[in-house]
$ cat entry-v9.txt   # compact mmCIF, C-alpha atoms and all ligand atoms
# COMPACT_ATOMS: atom_id res chain seq x y z
CA MET Y 1 0.00 0.00 0.00
CA PRO Y 2 1.53 3.42 -0.92
CA LYS Y 3 2.57 5.70 1.94
CA SER Y 4 -0.36 8.07 1.52
CA TYR Y 5 -2.85 5.19 1.87
CA THR Y 6 -1.20 4.20 5.13
CA ALA Y 7 -1.73 7.78 6.34
CA LEU Y 8 -5.41 7.57 5.31
CA LYS Y 9 -5.88 4.40 7.34
CA ALA Y 10 -3.99 5.84 10.30
CA SER Y 11 -6.05 9.07 10.36
CA GLU Y 12 -8.43 9.06 13.34
CA SER Y 13 -10.93 11.28 11.53
CA ASN Y 14 -11.32 8.82 8.62
CA LYS Y 15 -12.57 6.19 11.07
CA ARG Y 16 -15.91 8.04 10.93
CA ALA Y 17 -16.65 8.67 7.25
CA SER Y 18 -19.80 9.08 5.18
CA LEU Y 19 -20.58 6.96 2.15
CA TYR Y 20 -21.68 8.14 -1.29
CA ILE Y 21 -22.59 5.51 -3.88
CA HIS Y 22 -22.83 6.69 -7.48
CA ILE Y 23 -25.28 4.82 -9.71
CA PRO Y 24 -24.46 6.10 -13.19
CA PHE Y 25 -27.66 5.08 -14.99
CA CYS Y 26 -30.70 7.07 -16.07
CA ASN Y 27 -33.75 6.17 -18.12
CA SER Y 28 -33.21 9.22 -20.35
CA LYS Y 29 -30.82 12.15 -20.44
CA CYS Y 30 -32.04 15.62 -19.42
CA SER Y 31 -30.86 18.47 -21.63
CA TYR Y 32 -29.21 20.50 -18.80
CA CYS Y 33 -27.37 17.59 -17.14
CA ASP Y 34 -23.60 17.20 -17.05
CA PHE Y 35 -23.50 14.46 -14.37
CA PHE Y 36 -21.93 11.19 -15.36
CA SER Y 37 -24.77 8.84 -16.29
CA VAL Y 38 -25.68 6.67 -19.26
CA THR Y 39 -28.97 5.41 -20.64
CA ASP Y 40 -27.55 2.10 -21.90
CA HIS Y 41 -28.26 -0.33 -19.06
CA SER Y 42 -26.44 -3.35 -20.50
CA LEU Y 43 -23.57 -3.19 -17.94
CA MET Y 44 -25.79 -2.39 -14.98
CA ALA Y 45 -25.48 -5.72 -13.10
CA GLN Y 46 -21.67 -5.87 -13.50
CA VAL Y 47 -21.18 -2.24 -12.51
CA LEU Y 48 -23.37 -2.72 -9.45
CA ASP Y 49 -21.40 -5.80 -8.35
CA LYS Y 50 -18.13 -3.93 -8.76
CA THR Y 51 -19.51 -0.95 -6.81
CA ILE Y 52 -20.59 -3.19 -3.91
CA GLU Y 53 -17.15 -4.82 -3.92
CA GLN Y 54 -15.35 -1.45 -4.08
CA THR Y 55 -17.42 -0.11 -1.18
CA ALA Y 56 -16.45 -3.04 1.07
CA ARG Y 57 -12.78 -2.71 0.02
CA TYR Y 58 -12.63 1.05 0.72
CA ILE Y 59 -14.18 0.58 4.15
CA ASP Y 60 -11.64 -2.07 4.99
CA CYS Y 61 -8.54 -0.41 3.46
CA PHE Y 62 -9.24 3.06 4.83
CA GLY Y 63 -10.09 1.76 8.30
CA ILE Y 64 -13.66 3.14 8.38
CA LYS Y 65 -15.41 1.97 11.55
CA HIS Y 66 -18.50 4.20 11.67
CA ILE Y 67 -20.69 5.52 8.85
CA PRO Y 68 -22.85 8.45 9.99
CA THR Y 69 -24.60 9.09 6.65
CA VAL Y 70 -25.16 7.33 3.33
CA TYR Y 71 -26.24 8.93 0.06
CA ILE Y 72 -27.07 6.81 -2.98
CA GLY Y 73 -27.15 9.20 -5.91
CA GLY Y 74 -26.48 9.35 -9.59
CA GLY Y 75 -27.74 9.13 -12.20
CA THR Y 76 -30.99 7.64 -11.06
CA PRO Y 77 -30.46 4.89 -8.46
CA THR Y 78 -34.11 3.88 -8.77
CA SER Y 79 -33.58 3.09 -12.45
CA LEU Y 80 -32.04 -0.15 -11.13
CA PRO Y 81 -34.45 -3.08 -11.39
CA LEU Y 82 -35.89 -3.85 -7.94
CA LYS Y 83 -33.82 -7.06 -7.59
CA LEU Y 84 -30.55 -5.16 -8.14
CA LEU Y 85 -31.60 -2.31 -5.87
CA GLU Y 86 -32.52 -4.85 -3.19
CA LYS Y 87 -29.04 -6.38 -3.50
CA LEU Y 88 -27.41 -2.96 -3.14
CA LEU Y 89 -29.53 -1.98 -0.13
CA ALA Y 90 -28.85 -5.33 1.59
CA SER Y 91 -25.11 -4.75 1.16
CA VAL Y 92 -25.37 -1.20 2.57
CA GLY Y 93 -27.42 -2.51 5.51
CA ASN Y 94 -24.50 -4.79 6.45
CA LEU Y 95 -22.00 -1.91 6.65
CA PRO Y 96 -21.05 -0.32 10.00
CA LEU Y 97 -23.85 2.28 9.91
CA GLU Y 98 -24.26 4.34 13.06
CA SER Y 99 -27.55 3.99 14.84
CA GLY Y 100 -29.98 6.55 13.36
CA SER Y 101 -27.69 7.28 10.41
CA GLU Y 102 -29.26 9.39 7.67
CA CYS Y 103 -29.55 7.17 4.56
CA THR Y 104 -30.80 8.88 1.41
CA VAL Y 105 -31.64 7.55 -2.01
CA GLU Y 106 -32.27 9.77 -5.03
CA ALA Y 107 -35.21 8.95 -7.26
CA ASN Y 108 -36.95 10.33 -10.30
CA PRO Y 109 -40.74 10.43 -10.33
CA GLU Y 110 -41.22 8.01 -13.24
CA THR Y 111 -39.46 5.26 -11.26
CA VAL Y 112 -41.66 5.59 -8.16
CA THR Y 113 -44.00 2.63 -7.59
CA PRO Y 114 -45.63 1.19 -4.45
CA GLU Y 115 -43.21 -1.76 -4.76
CA LEU Y 116 -40.19 0.56 -4.81
CA LEU Y 117 -41.42 2.43 -1.72
CA ASP Y 118 -42.05 -0.86 0.11
CA LEU Y 119 -38.50 -2.01 -0.72
CA LEU Y 120 -37.00 1.26 0.54
CA SER Y 121 -39.16 1.21 3.68
CA GLY Y 122 -37.89 -2.27 4.56
CA SER Y 123 -34.25 -1.23 4.13
CA CYS Y 124 -31.83 1.18 5.81
CA ILE Y 125 -33.14 4.05 3.63
CA ASN Y 126 -34.92 6.72 5.68
CA ARG Y 127 -34.77 9.69 3.32
CA LEU Y 128 -36.00 10.02 -0.25
CA SER Y 129 -34.73 12.81 -2.49
CA LEU Y 130 -36.99 13.25 -5.48
CA GLY Y 131 -36.03 15.14 -8.64
CA ILE Y 132 -39.27 16.96 -9.40
CA GLN Y 133 -37.64 20.10 -10.92
CA SER Y 134 -40.98 21.70 -11.88
CA PHE Y 135 -44.71 21.13 -12.16
CA SER Y 136 -44.95 23.15 -15.37
CA ASN Y 137 -45.04 21.13 -18.59
CA TYR Y 138 -43.38 24.03 -20.42
CA THR Y 139 -40.45 24.18 -17.95
CA LEU Y 140 -40.10 20.39 -17.83
CA LYS Y 141 -39.96 20.32 -21.62
CA THR Y 142 -37.33 23.08 -21.70
CA LEU Y 143 -35.22 21.04 -19.26
CA GLY Y 144 -35.63 17.92 -21.40
CA ARG Y 145 -37.25 16.05 -18.51
CA HIS Y 146 -39.25 12.99 -19.40
CA CYS Y 147 -41.85 13.48 -16.65
CA ASP Y 148 -44.83 15.75 -17.14
CA PHE Y 149 -46.92 17.56 -14.54
CA LYS Y 150 -49.34 14.64 -14.30
CA THR Y 151 -46.57 12.12 -13.51
CA ASN Y 152 -44.87 14.40 -10.96
CA PHE Y 153 -48.18 15.07 -9.20
CA SER Y 154 -49.49 11.50 -9.21
CA LYS Y 155 -46.18 9.99 -8.03
CA LEU Y 156 -46.06 12.48 -5.14
CA GLU Y 157 -49.54 11.34 -4.16
CA VAL Y 158 -48.27 7.73 -4.04
CA ILE Y 159 -45.34 8.88 -1.87
CA LYS Y 160 -47.60 10.87 0.44
CA ALA Y 161 -49.81 7.82 0.99
CA ARG Y 162 -47.03 5.27 1.44
CA TRP Y 163 -43.67 6.81 2.44
CA LYS Y 164 -43.06 7.39 6.15
CA GLY Y 165 -39.43 8.56 5.96
CA GLN Y 166 -38.08 12.02 5.27
CA LEU Y 167 -38.73 13.61 1.90
CA SER Y 168 -36.63 16.12 0.00
CA LEU Y 169 -37.77 17.63 -3.31
CA ASP Y 170 -35.47 19.18 -5.94
CA LEU Y 171 -36.76 22.18 -7.91
CA ILE Y 172 -35.06 24.26 -10.59
CA SER Y 173 -35.58 27.98 -11.00
CA SER Y 174 -34.46 30.67 -13.46
CA VAL Y 175 -35.24 28.35 -16.38
CA PRO Y 176 -35.63 30.17 -19.74
CA GLY Y 177 -39.23 31.27 -20.12
CA GLN Y 178 -40.04 30.71 -16.43
CA SER Y 179 -41.58 33.69 -14.59
CA VAL Y 180 -41.45 34.46 -10.86
CA SER Y 181 -45.06 33.35 -10.47
CA ASP Y 182 -44.29 30.05 -12.31
CA SER Y 183 -41.47 29.31 -9.87
CA ILE Y 184 -43.55 30.30 -6.83
CA SER Y 185 -46.38 28.10 -8.07
CA ASP Y 186 -43.89 25.16 -8.30
CA ILE Y 187 -42.84 25.83 -4.70
CA ASP Y 188 -46.42 26.00 -3.42
CA THR Y 189 -47.33 22.74 -5.16
CA ALA Y 190 -44.20 21.07 -3.76
CA ILE Y 191 -44.98 22.31 -0.24
CA SER Y 192 -48.55 20.95 -0.48
CA PHE Y 193 -46.97 17.45 -0.32
CA GLY Y 194 -45.27 18.23 3.01
CA PRO Y 195 -41.55 17.70 2.24
CA ASP Y 196 -39.06 18.20 5.09
CA HIS Y 197 -36.49 19.66 2.74
CA ILE Y 198 -36.40 21.48 -0.60
CA SER Y 199 -33.38 22.10 -2.82
CA LEU Y 200 -33.97 25.04 -5.14
CA TYR Y 201 -31.25 25.25 -7.77
CA ALA Y 202 -30.73 28.16 -10.12
CA LEU Y 203 -30.28 26.70 -13.58
CA THR Y 204 -26.73 26.90 -14.85
CA LEU Y 205 -25.95 26.27 -18.48
CA GLU Y 206 -23.17 23.71 -18.25
CA ASP Y 207 -20.79 23.65 -21.21
CA GLY Y 208 -21.41 20.82 -23.60
CA THR Y 209 -25.04 20.18 -22.58
CA PRO Y 210 -27.81 20.37 -25.21
CA LEU Y 211 -29.50 23.19 -23.27
CA ALA Y 212 -26.32 25.30 -23.22
CA ARG Y 213 -25.98 24.83 -26.97
CA SER Y 214 -29.48 26.11 -27.59
CA TYR Y 215 -29.19 29.35 -25.56
CA ASP Y 216 -26.92 32.32 -26.06
CA PRO Y 217 -25.45 33.09 -22.58
CA ASP Y 218 -25.77 36.84 -23.32
CA SER Y 219 -29.38 36.65 -24.43
CA GLN Y 220 -30.76 37.34 -20.92
CA ALA Y 221 -32.95 34.27 -21.42
CA ILE Y 222 -32.15 33.28 -17.83
CA ASP Y 223 -33.40 35.71 -15.20
CA ASP Y 224 -31.52 35.27 -11.87
CA ASN Y 225 -34.18 37.35 -10.13
CA VAL Y 226 -36.63 34.48 -10.54
CA TRP Y 227 -34.46 32.31 -8.28
CA ILE Y 228 -33.90 35.14 -5.75
CA LEU Y 229 -37.63 35.84 -5.33
CA ALA Y 230 -38.47 32.12 -5.28
CA ALA Y 231 -35.88 31.56 -2.53
CA ASP Y 232 -37.50 34.36 -0.49
CA HIS Y 233 -40.85 32.65 -0.95
CA LEU Y 234 -39.47 29.38 0.43
CA ASP Y 235 -38.06 31.20 3.42
CA ILE Y 236 -41.34 32.89 4.32
CA SER Y 237 -43.09 29.53 3.84
CA GLY Y 238 -41.07 28.12 6.78
CA TYR Y 239 -38.26 26.43 4.84
CA ARG Y 240 -35.16 28.07 6.26
CA ARG Y 241 -32.24 28.50 3.94
CA TYR Y 242 -29.14 26.83 5.39
CA GLU Y 243 -26.98 26.64 2.25
CA VAL Y 244 -26.84 28.46 -1.08
CA SER Y 245 -29.51 26.23 -2.69
CA ASN Y 246 -30.91 24.24 0.24
CA PHE Y 247 -33.89 24.92 2.50
CA ALA Y 248 -35.35 22.84 5.32
CA LEU Y 249 -37.95 22.78 8.04
CA PRO Y 250 -36.24 23.24 11.43
CA GLY Y 251 -34.13 20.17 12.28
CA HIS Y 252 -34.32 18.67 8.78
CA GLN Y 253 -31.12 19.92 7.16
CA SER Y 254 -29.31 17.24 5.16
CA GLU Y 255 -26.65 15.87 7.46
CA HIS Y 256 -24.84 14.18 4.60
CA ASN Y 257 -24.45 17.33 2.53
CA THR Y 258 -23.55 19.38 5.61
CA ARG Y 259 -20.65 16.99 6.15
CA TYR Y 260 -19.48 17.73 2.57
CA TRP Y 261 -19.59 21.48 3.21
CA LYS Y 262 -17.57 20.99 6.39
CA LEU Y 263 -15.02 18.90 4.45
CA LEU Y 264 -15.54 15.93 6.76
CA PRO Y 265 -14.33 12.59 5.34
CA TYR Y 266 -16.42 10.53 2.95
CA ILE Y 267 -15.84 7.77 0.46
CA GLY Y 268 -17.50 7.79 -2.94
CA THR Y 269 -17.81 4.48 -4.76
CA GLY Y 270 -19.08 3.46 -8.18
CA ALA Y 271 -17.98 4.75 -11.59
CA GLY Y 272 -17.72 8.54 -11.35
CA GLY Y 273 -17.86 8.58 -7.53
CA VAL Y 274 -15.49 10.89 -5.63
CA SER Y 275 -13.95 10.42 -2.16
CA THR Y 276 -12.38 13.01 0.12
CA LEU Y 277 -10.36 11.66 3.04
CA HIS Y 278 -8.09 13.26 5.62
CA THR Y 279 -4.32 12.67 5.55
CA GLY Y 280 -3.41 14.55 8.72
CA GLU Y 281 -1.84 17.33 6.60
CA GLY Y 282 -4.73 17.94 4.25
CA LEU Y 283 -7.17 16.14 1.98
CA PHE Y 284 -6.78 13.16 -0.29
CA ARG Y 285 -9.23 13.13 -3.20
CA ILE Y 286 -9.98 10.02 -5.19
CA ALA Y 287 -12.04 10.42 -8.39
CA ASN Y 288 -13.31 7.14 -9.83
CA LEU Y 289 -13.24 6.83 -13.61
CA PRO Y 290 -16.41 8.19 -15.23
CA ASP Y 291 -16.30 5.39 -17.79
CA LEU Y 292 -18.07 2.08 -17.29
CA GLU Y 293 -15.82 -0.12 -19.42
CA ARG Y 294 -12.63 1.22 -17.85
CA TYR Y 295 -14.12 1.06 -14.35
CA LEU Y 296 -15.00 -2.60 -14.89
CA ALA Y 297 -11.65 -3.44 -16.46
CA SER Y 298 -9.55 -1.80 -13.73
CA ASP Y 299 -8.48 -3.49 -10.54
CA GLY Y 300 -6.35 -2.70 -7.50
CA LEU Y 301 -7.56 -0.72 -4.51
CA LEU Y 302 -8.67 2.36 -6.45
CA CYS Y 303 -10.00 0.75 -9.66
CA GLY Y 304 -7.85 3.12 -11.75
CA ALA Y 305 -9.13 6.29 -10.04
CA GLU Y 306 -7.32 9.61 -10.29
CA THR Y 307 -5.96 10.95 -7.02
CA GLU Y 308 -4.95 14.36 -5.74
CA GLU Y 309 -3.46 15.61 -2.48
CA ILE Y 310 -4.75 18.99 -1.29
CA THR Y 311 -2.60 20.75 1.29
CA GLY Y 312 -1.54 24.22 2.44
CA LYS Y 313 -3.33 27.18 0.85
CA SER Y 314 -5.35 24.95 -1.48
CA TYR Y 315 -6.76 23.16 1.56
CA ILE Y 316 -7.61 26.45 3.29
CA PHE Y 317 -9.25 27.79 0.12
CA GLU Y 318 -11.35 24.66 -0.32
CA TYR Y 319 -12.43 24.94 3.33
CA LEU Y 320 -13.52 28.56 2.76
CA MET Y 321 -15.20 27.73 -0.55
CA MET Y 322 -17.37 25.03 1.01
CA GLY Y 323 -17.88 26.59 4.45
CA PHE Y 324 -19.12 29.97 3.24
CA ARG Y 325 -21.84 28.21 1.22
CA MET Y 326 -23.63 27.60 4.54
CA THR Y 327 -25.73 30.41 6.01
CA ALA Y 328 -24.23 29.53 9.42
CA GLY Y 329 -20.81 30.20 7.90
CA ILE Y 330 -17.59 28.86 9.38
CA LEU Y 331 -17.19 28.17 13.08
CA LYS Y 332 -14.05 29.89 14.33
CA SER Y 333 -13.29 26.97 16.65
CA ASP Y 334 -13.49 24.44 13.76
CA PHE Y 335 -11.15 26.54 11.60
CA LEU Y 336 -8.65 26.91 14.45
CA ALA Y 337 -8.76 23.17 15.21
CA THR Y 338 -8.20 22.32 11.52
CA PHE Y 339 -5.48 24.79 10.58
CA GLY Y 340 -4.00 25.92 13.93
CA ARG Y 341 -4.70 29.55 12.89
CA LYS Y 342 -7.60 31.93 13.40
CA ILE Y 343 -9.74 32.54 10.31
CA THR Y 344 -9.67 36.25 11.20
CA ASP Y 345 -5.86 36.15 10.87
CA VAL Y 346 -5.95 34.29 7.55
CA ILE Y 347 -8.27 36.58 5.55
CA PRO Y 348 -8.49 39.74 7.74
CA GLU Y 349 -8.76 42.26 4.89
CA THR Y 350 -11.41 40.38 2.95
CA LEU Y 351 -13.52 40.00 6.09
CA ALA Y 352 -13.09 43.68 7.04
CA ILE Y 353 -14.13 44.93 3.58
CA TRP Y 354 -17.11 42.60 3.26
CA LYS Y 355 -18.28 43.37 6.83
CA ALA Y 356 -18.06 47.11 6.14
CA ARG Y 357 -20.36 46.61 3.15
CA ASN Y 358 -22.79 44.55 5.31
CA LEU Y 359 -22.13 41.54 3.10
CA ALA Y 360 -20.44 39.52 5.87
CA SER Y 361 -20.92 39.33 9.62
CA GLU Y 362 -18.91 38.08 12.59
CA THR Y 363 -19.88 36.85 16.04
CA ASP Y 364 -17.78 35.35 18.84
CA GLU Y 365 -18.45 31.91 17.33
CA ALA Y 366 -18.56 32.28 13.55
CA VAL Y 367 -17.98 34.31 10.40
CA ARG Y 368 -20.57 34.16 7.64
CA LEU Y 369 -21.88 35.91 4.57
CA THR Y 370 -25.15 37.79 4.96
CA LYS Y 371 -28.15 37.01 2.75
CA GLU Y 372 -27.01 39.70 0.28
CA GLY Y 373 -23.39 38.59 0.61
CA LEU Y 374 -24.29 35.04 -0.47
CA LEU Y 375 -25.41 36.45 -3.83
CA PHE Y 376 -21.79 37.47 -4.37
CA LEU Y 377 -20.17 34.31 -2.98
CA ASN Y 378 -17.89 33.88 -6.01
CA GLN Y 379 -16.52 37.42 -5.72
CA PHE Y 380 -15.95 36.94 -1.98
CA LEU Y 381 -13.99 33.76 -2.70
CA LEU Y 382 -11.89 35.53 -5.33
CA ASP Y 383 -11.05 38.22 -2.77
CA ALA Y 384 -10.19 35.56 -0.18
CA LEU Y 385 -8.06 33.70 -2.69
CA SER Y 386 -6.02 36.74 -3.66
CA GLU Y 387 -5.46 37.52 0.04
CA LEU Y 388 -4.29 33.95 0.64
CA GLU Y 389 -1.72 34.19 -2.19
S1 LIG D 401 -32.25 12.26 -14.22
FE1 LIG D 401 -30.70 13.48 -13.10
S2 LIG D 401 -28.73 12.46 -13.50
FE2 LIG D 401 -30.22 11.63 -14.98
S3 LIG D 401 -29.94 12.87 -16.82
FE3 LIG D 401 -31.58 13.85 -15.64
S4 LIG D 401 -30.57 15.37 -14.30
FE4 LIG D 401 -28.98 13.97 -15.11

$ encode --input "entry-v9.txt" --output "C-alpha cells"
Amino acid sequence: MPKSYTALKASESNKRASLYIHIPFCNSKCSYCDFFSVTDHSLMAQVLDKTIEQTARYIDCFGIKHIPTVYIGGGTPTSLPLKLLEKLLASVGNLPLESGSECTVEANPETVTPELLDLLSGSCINRLSLGIQSFSNYTLKTLGRHCDFKTNFSKLEVIKARWKGQLSLDLISSVPGQSVSDSISDIDTAISFGPDHISLYALTLEDGTPLARSYDPDSQAIDDNVWILAADHLDISGYRRYEVSNFALPGHQSEHNTRYWKLLPYIGTGAGGVSTLHTGEGLFRIANLPDLERYLASDGLLCGAETEEITGKSYIFEYLMMGFRMTAGILKSDFLATFGRKITDVIPETLAIWKARNLASETDEAVRLTKEGLLFLNQFLLDALSELE
C-alpha cells in the first residue's frame, strides 16, 4: 500500500466517514445535465457488483469503523431493477452504519412505484430525495425532462400515501421562459406534499449540454431574479435557507451534505464517484473513472481512479469555498482546530471589507456571509483567494 494510503488508514478522523454511492444510470438524459450517467443499461449488473465490492474494500482499506450518513445518488439509483436495488440496499445494511444514520436515495418520479417504496421502507433508507424540478409542462420540456406535470403530481400522491421517511424535493428555477409566479407556483405545489427539505437550484448552463448549446449566454434568457424571489418565498413559507440552494424545516437539514460542506471525510464508490479523506496534513481526493468499461476493467484498490493531495493554501481555500456556502458560515473553533490559525488572521482584509459593506458578519463563534453577501459568494472567494496568495 503506498505511503499516503497508510496515512489515510492511520487518520483518526477517517474512522468516521460518510458513504456516497454513485449509480451512473438514467432512463433518459435531461438536456441540462452534465452528471456522469448513461442510458444504456447493459452493464448495470456488472457495474453494481463492482460498486458493492469497491465499497467493502474502501471501508476495509481506509479503516472506516462508523458511517454516519449514506447517500445513494447518480444518475438515477431507482432506475435499477428492484432485484438489483434490493441487493445494493442489503449490502449497505450490512456496513457499520451508526444507529440513526441518515440514509438517502435519489429517485426520479417516473421510477416511483408502491413496490419501490415498500422495498426502501424495509431497508436502511430513511430519506427520499426526489427530482421533481418543476410542475410546469413548459419548464419540464425546456429542461428535457421525461416526466410531465401529471406524472410528478401522481407519483407524489403515491409517496404521500405510502412513504413514512423524510422527503426532500429538488426544484429548478431561473429556467428560460419561467416567470417568478411560475417558480412560486412550483414551490407551493411542492410544499402541499409536506416535504421536510427542498433544494432550489438556479439553472446553470453547463458547457457541452444540449440546453447550453441552444441558448446564447448573453441573451438574458435566464433571469436570476426568478431564483432570488423564489428563494424568499421558500423562506417565508417556513423552509429556512441553510446553504446556497438548500432549505429545510427546522431540524431537517441534510446531514450528509452538511458533512461535505464541512469537508468531513467521505468515500465515494461506483464509476464517477469521488472520495475526500483526511491525511493529517490535508485532503486526499480520489475520483473514480467516469467510464463504465474502464471502471470494470480496472483493478487494484482504487480501480484506476485519479488521485490528488490537497494541502496548504489549497486546503484552506477549499475549506472557505465550502464553508461559506452555509448560512451559518464557518465556526471559528473548527477553523482553528483544523489549521492551527484563526480565520480572522488568515483573511483579515477580505472579512473587514465585506463586513463594512454589510455583506459579511462576525460573532464570537462564527464568520458568515449575509443574505445579500451570499449572492456574491464567487466574488468573496476571489477576494479571499487573492489575500491567501
Ligand atoms: S435524471 Fe438526473 S442524473 Fe439523470 S440525466 Fe436527468 S438530471 Fe442527469

$ atom_distance --input "entry-v9.txt" --atom1 "atom CA of Thr269 of chain Y" --atom2 "atom CA of Ser79 of chain Y"
17.6 Å

$ closest_residue --input "entry-v9.txt" --among "Y:Leu249, Y:Ala366, Y:Ala107, Y:Val112" --to "ligand LIG 401 (chain D)" --atoms "only C-alpha atoms and all ligand atoms"
Y:Ala107

$ closest_residue --input "entry-v9.txt" --among "Y:Lys15, Y:His146, Y:Lys371, Y:Arg341" --to "Asn108 of chain Y" --atoms "only C-alpha atoms"
Y:His146

$ atom_distance --input "entry-v9.txt" --atom1 "atom CA of Gly208 of chain Y" --atom2 "atom CA of Leu143 of chain Y"
14.5 Å

$ residues_near_ligand --input "entry-v9.txt" --ligand "ligand LIG 401 (chain D)" --cutoff "6 Å" --atoms "only C-alpha atoms and all ligand atoms" --output "list in words"
Cys26, Lys29, Cys30, Cys33, Phe35, Gly74, Gly75 and Thr76 of chain Y

$ write_last_selection --input "entry-v9.txt" --atoms "C-alpha atoms" --output "PDB file, keeping the file's coordinate frame"
ATOM      1  CA  CYS Y  26     -30.700   7.070 -16.070  1.00  0.00           C
ATOM      2  CA  LYS Y  29     -30.820  12.150 -20.440  1.00  0.00           C
ATOM      3  CA  CYS Y  30     -32.040  15.620 -19.420  1.00  0.00           C
ATOM      4  CA  CYS Y  33     -27.370  17.590 -17.140  1.00  0.00           C
ATOM      5  CA  PHE Y  35     -23.500  14.460 -14.370  1.00  0.00           C
ATOM      6  CA  GLY Y  74     -26.480   9.350  -9.590  1.00  0.00           C
ATOM      7  CA  GLY Y  75     -27.740   9.130 -12.200  1.00  0.00           C
ATOM      8  CA  THR Y  76     -30.990   7.640 -11.060  1.00  0.00           C
TER       9      THR Y  76
END

$ closest_residue --input "entry-v9.txt" --among "Y:Ile236, Y:Thr209, Y:Gly273, Y:Pro114" --to "Ile23 of chain Y" --atoms "only C-alpha atoms"
Y:Gly273

$ closest_residue --input "entry-v9.txt" --among "Y:Gly282, Y:Gly144, Y:Pro68, Y:Pro81" --to "Pro210 of chain Y" --atoms "only C-alpha atoms"
Y:Gly144

$ atom_distance --input "entry-v9.txt" --atom1 "atom CA of Glu86 of chain Y" --atom2 "atom CA of Glu53 of chain Y"
15.4 Å

$ residues_around --input "entry-v9.txt" --residues "Ala7 of chain Y" --least-positions-apart "4" --cutoff "10 Å" --atoms "only C-alpha atoms" --output "ChimeraX atom specification"
/Y:2-3,11-12,14,62,278-281,284

$ write_last_selection --input "entry-v9.txt" --atoms "C-alpha atoms" --output "PDB file, in the frame of the given file"
ATOM      1  CA  PRO Y   2       1.530   3.420  -0.920  1.00  0.00           C
ATOM      2  CA  LYS Y   3       2.570   5.700   1.940  1.00  0.00           C
ATOM      3  CA  SER Y  11      -6.050   9.070  10.360  1.00  0.00           C
ATOM      4  CA  GLU Y  12      -8.430   9.060  13.340  1.00  0.00           C
ATOM      5  CA  ASN Y  14     -11.320   8.820   8.620  1.00  0.00           C
ATOM      6  CA  PHE Y  62      -9.240   3.060   4.830  1.00  0.00           C
ATOM      7  CA  HIS Y 278      -8.090  13.260   5.620  1.00  0.00           C
ATOM      8  CA  THR Y 279      -4.320  12.670   5.550  1.00  0.00           C
ATOM      9  CA  GLY Y 280      -3.410  14.550   8.720  1.00  0.00           C
ATOM     10  CA  GLU Y 281      -1.840  17.330   6.600  1.00  0.00           C
ATOM     11  CA  PHE Y 284      -6.780  13.160  -0.290  1.00  0.00           C
TER      12      PHE Y 284
END

$ closest_residue --input "entry-v9.txt" --among "Y:Val346, Y:Val70, Y:Ile191, Y:Leu8" --to "Ile286 of chain Y" --atoms "all atoms listed in the file"
Y:Leu8

$ closest_residue --input "entry-v9.txt" --among "Y:Leu116, Y:Ala384, Y:Ile187, Y:Ala356" --to "Ile343 of chain Y" --atoms "all atoms listed in the file"
Y:Ala384

$ residues_around --input "entry-v9.txt" --residues "Ala360 of chain Y" --least-positions-apart "4" --cutoff "7 Å" --atoms "all atoms listed in the file" --output "list in words"
Leu351, Trp354, Lys355, Arg368, Leu369, Thr370 and Gly373 of chain Y

$ residues_around --input "entry-v9.txt" --residues "segment 301-314 of chain Y" --least-positions-apart "6" --cutoff "8 Å" --atoms "all atoms listed in the file" --output "list of chain:residue names"
Y:Gln54, Y:Arg57, Y:Tyr58, Y:Glu281, Y:Gly282, Y:Leu283, Y:Phe284, Y:Arg285, Y:Ile286, Y:Ala287, Y:Asn288, Y:Leu289, Y:Arg294, Y:Tyr295, Y:Leu388, Y:Glu389

$ write_last_selection --input "entry-v9.txt" --atoms "C-alpha atoms" --output "compact mmCIF listing (two decimals), keeping the file's coordinate frame"
# COMPACT_ATOMS: atom_id res chain seq x y z
CA GLN Y 54 -15.35 -1.45 -4.08
CA ARG Y 57 -12.78 -2.71 0.02
CA TYR Y 58 -12.63 1.05 0.72
CA GLU Y 281 -1.84 17.33 6.60
CA GLY Y 282 -4.73 17.94 4.25
CA LEU Y 283 -7.17 16.14 1.98
CA PHE Y 284 -6.78 13.16 -0.29
CA ARG Y 285 -9.23 13.13 -3.20
CA ILE Y 286 -9.98 10.02 -5.19
CA ALA Y 287 -12.04 10.42 -8.39
CA ASN Y 288 -13.31 7.14 -9.83
CA LEU Y 289 -13.24 6.83 -13.61
CA ARG Y 294 -12.63 1.22 -17.85
CA TYR Y 295 -14.12 1.06 -14.35
CA LEU Y 388 -4.29 33.95 0.64
CA GLU Y 389 -1.72 34.19 -2.19

$ residues_around --input "entry-v9.txt" --residues "segment 117-127 of chain Y" --least-positions-apart "3" --cutoff "7 Å" --atoms "all atoms listed in the file" --output "list in words"
Leu89, Gly93, Glu102, Cys103, Thr104, Val105, Thr113, Pro114, Trp163, Gly165, Gln166 and Leu167 of chain Y

$ residues_around --input "entry-v9.txt" --residues "segment 259-262 of chain Y" --least-positions-apart "6" --cutoff "10 Å" --atoms "only C-alpha atoms" --output "ChimeraX atom specification"
/Y:17-18,68-69,243,276,318-326,329-331,334-335

$ build_atoms --input "entry-v9.txt" --residues "segment 36-41 of chain Y" --atoms "N, CA and C atoms" --output "PDB file, keeping the file's coordinate frame"
ATOM      1  N   PHE Y  36     -22.276  12.402 -14.630  1.00  0.00           N
ATOM      2  CA  PHE Y  36     -21.930  11.190 -15.360  1.00  0.00           C
ATOM      3  C   PHE Y  36     -23.051  10.160 -15.195  1.00  0.00           C
ATOM      4  N   SER Y  37     -23.769   9.912 -16.281  1.00  0.00           N
ATOM      5  CA  SER Y  37     -24.770   8.840 -16.290  1.00  0.00           C
ATOM      6  C   SER Y  37     -25.026   8.427 -17.731  1.00  0.00           C
ATOM      7  N   VAL Y  38     -25.410   7.178 -17.907  1.00  0.00           N
ATOM      8  CA  VAL Y  38     -25.680   6.670 -19.260  1.00  0.00           C
ATOM      9  C   VAL Y  38     -27.079   6.058 -19.295  1.00  0.00           C
ATOM     10  N   THR Y  39     -27.617   5.977 -20.502  1.00  0.00           N
ATOM     11  CA  THR Y  39     -28.970   5.410 -20.640  1.00  0.00           C
ATOM     12  C   THR Y  39     -28.916   3.957 -21.146  1.00  0.00           C
ATOM     13  N   ASP Y  40     -27.716   3.502 -21.500  1.00  0.00           N
ATOM     14  CA  ASP Y  40     -27.550   2.100 -21.900  1.00  0.00           C
ATOM     15  C   ASP Y  40     -27.347   1.278 -20.614  1.00  0.00           C
ATOM     16  N   HIS Y  41     -28.285   0.399 -20.335  1.00  0.00           N
ATOM     17  CA  HIS Y  41     -28.260  -0.330 -19.060  1.00  0.00           C
ATOM     18  C   HIS Y  41     -27.609  -1.709 -19.168  1.00  0.00           C
TER      19      HIS Y  41
END
